[in-house]
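Working notes for the structure below.
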Amino acid sequence: MKSEKTTTVESLLGVLSLGPKSGYEMRQMMERSTANFWSESFGQIYPALKSMVRDGLVTVEDKGVEARAKKVYRLTALGERRLRLWLGVEAKPQVFRNELLLKVYFGDKADRGVIAAHVVAERERCEEKLERYEGCAGKDGDAVCSASGDAVLEDDGAVRDSTGEGNDRVVR
């Protein structure tokens, strides 16, 4: 039986395309990289990995010794094909949900100053995220690279494909 197509599976295939990792290492890597726009919990990762092994998308190897044992997962050729197929399909539209905006909408029912305090706290969180994003920016601060460096998001919204030897092209 094939595993149900979920974005969790594809996100893990993407992480494993960067090299073999344990489930814990995958979660840690996502915390340092994709967490600004995508995350998976351990409760999602481990069941997905089990089905991915069953479906032949990844292999698993026991590493370490008893107390420090860990399972290291590696992408298979079938897993690479599945990732490439998924990357070629247009992303599904996302329903934007924002609890803060919902609270602002009904804010006239809140105690005075409560909603303003929520907005200030959110602004601080956004400024922290901006600092992290700027840390990912190109050396001139005008681009953000993909994990492989093959795609670059420019300030003007253009995505530059730099897969060729010196022949970058802009994809709009």
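Labels for the structure tokens follow display order: chains A, B, ..., residues from 1 in each chain, ligands from 1.
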
Residues of range 10-150 of chain A in helix (DSSP H, G or I), written as a ChimeraX atom specification: /A:10-16,23-32,34-36,42-54,66-68,77-88,99-105,107-109,114-136

What lies within 10 Å of Arg74 in chain A using only C-alpha atoms, ignoring chain neighbours under 2 positions off, as a short mmCIF file (atom, residue, chain, number, x, y, z; two decimals) with C-alpha atoms, in the first residue's frame?
data_model
loop_
_atom_site.label_atom_id
_atom_site.label_comp_id
_atom_site.auth_asym_id
_atom_site.auth_seq_id
_atom_site.Cartn_x
_atom_site.Cartn_y
_atom_site.Cartn_z
CA LEU A 13 12.33 14.04 1.24
CA LEU A 16 17.04 14.11 3.14
CA SER A 17 18.04 15.32 -0.34
CA LEU A 18 20.64 17.40 1.53
CA GLY A 19 22.14 14.27 3.12
CA PRO A 20 21.36 11.37 5.48
CA LYS A 21 19.94 12.32 8.88
CA SER A 22 18.17 10.92 11.91
CA VAL A 53 10.71 3.24 4.63
CA LEU A 57 11.35 6.23 -0.52
CA VAL A 58 14.11 6.06 2.12
CA THR A 59 16.31 3.44 3.74
CA VAL A 60 17.11 3.31 7.43
CA GLU A 61 20.32 2.24 9.13
CA LYS A 71 18.29 5.53 13.04
CA VAL A 72 19.76 7.35 10.08
CA THR A 76 16.52 6.24 -2.33
CA ALA A 77 16.28 6.73 -6.10
CA GLY A 79 12.48 9.01 -3.06
#

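Straight-line separation from CA of Asn98 in chain A to CA of Glu122 in chain A: 11.2 Å.
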
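Each of A:Leu49, A:Glu40, A:Gly14, A:Ala35 was checked against Leu87 in chain A using only C-alpha atoms; the smallest atom-to-atom distance is that of A:Gly14.
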
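Between CA of Gln28 in chain A and CA of Leu12 in chain A the separation is 12.2 Å.
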
If DSSP is run on the backbone, what residues of range 26-117 of chain A are strand (DSSP E or B)? A reply as a VMD selection string would be ideal. chain A and resid 58 to 63 70 to 75

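Going from CA of Glu66 in chain A to CA of Arg27 in chain A covers 21.8 Å.
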
So that I can check the surroundings of Ala91 in chain A, please list as a VMD selection string every protein, DNA and RNA residue that reaches within 12 Å of it, counting only C-alpha atoms and ignoring chain neighbours fewer than 4 positions away. chain A and resid 7 10 85 to 87

Would you mind exporting C-alpha atoms of the selected residues as a PDB file, in the first residue's frame?
ATOM      1  CA  THR A   7       3.480  17.528   2.259  1.00  0.00           C
ATOM      2  CA  GLU A  10       7.763  15.715   0.657  1.00  0.00           C
ATOM      3  CA  LEU A  85       7.733  15.073  -9.223  1.00  0.00           C
ATOM      4  CA  TRP A  86       6.362  16.997  -6.232  1.00  0.00           C
ATOM      5  CA  LEU A  87       8.649  19.975  -6.941  1.00  0.00           C
TER       6      LEU A  87
END
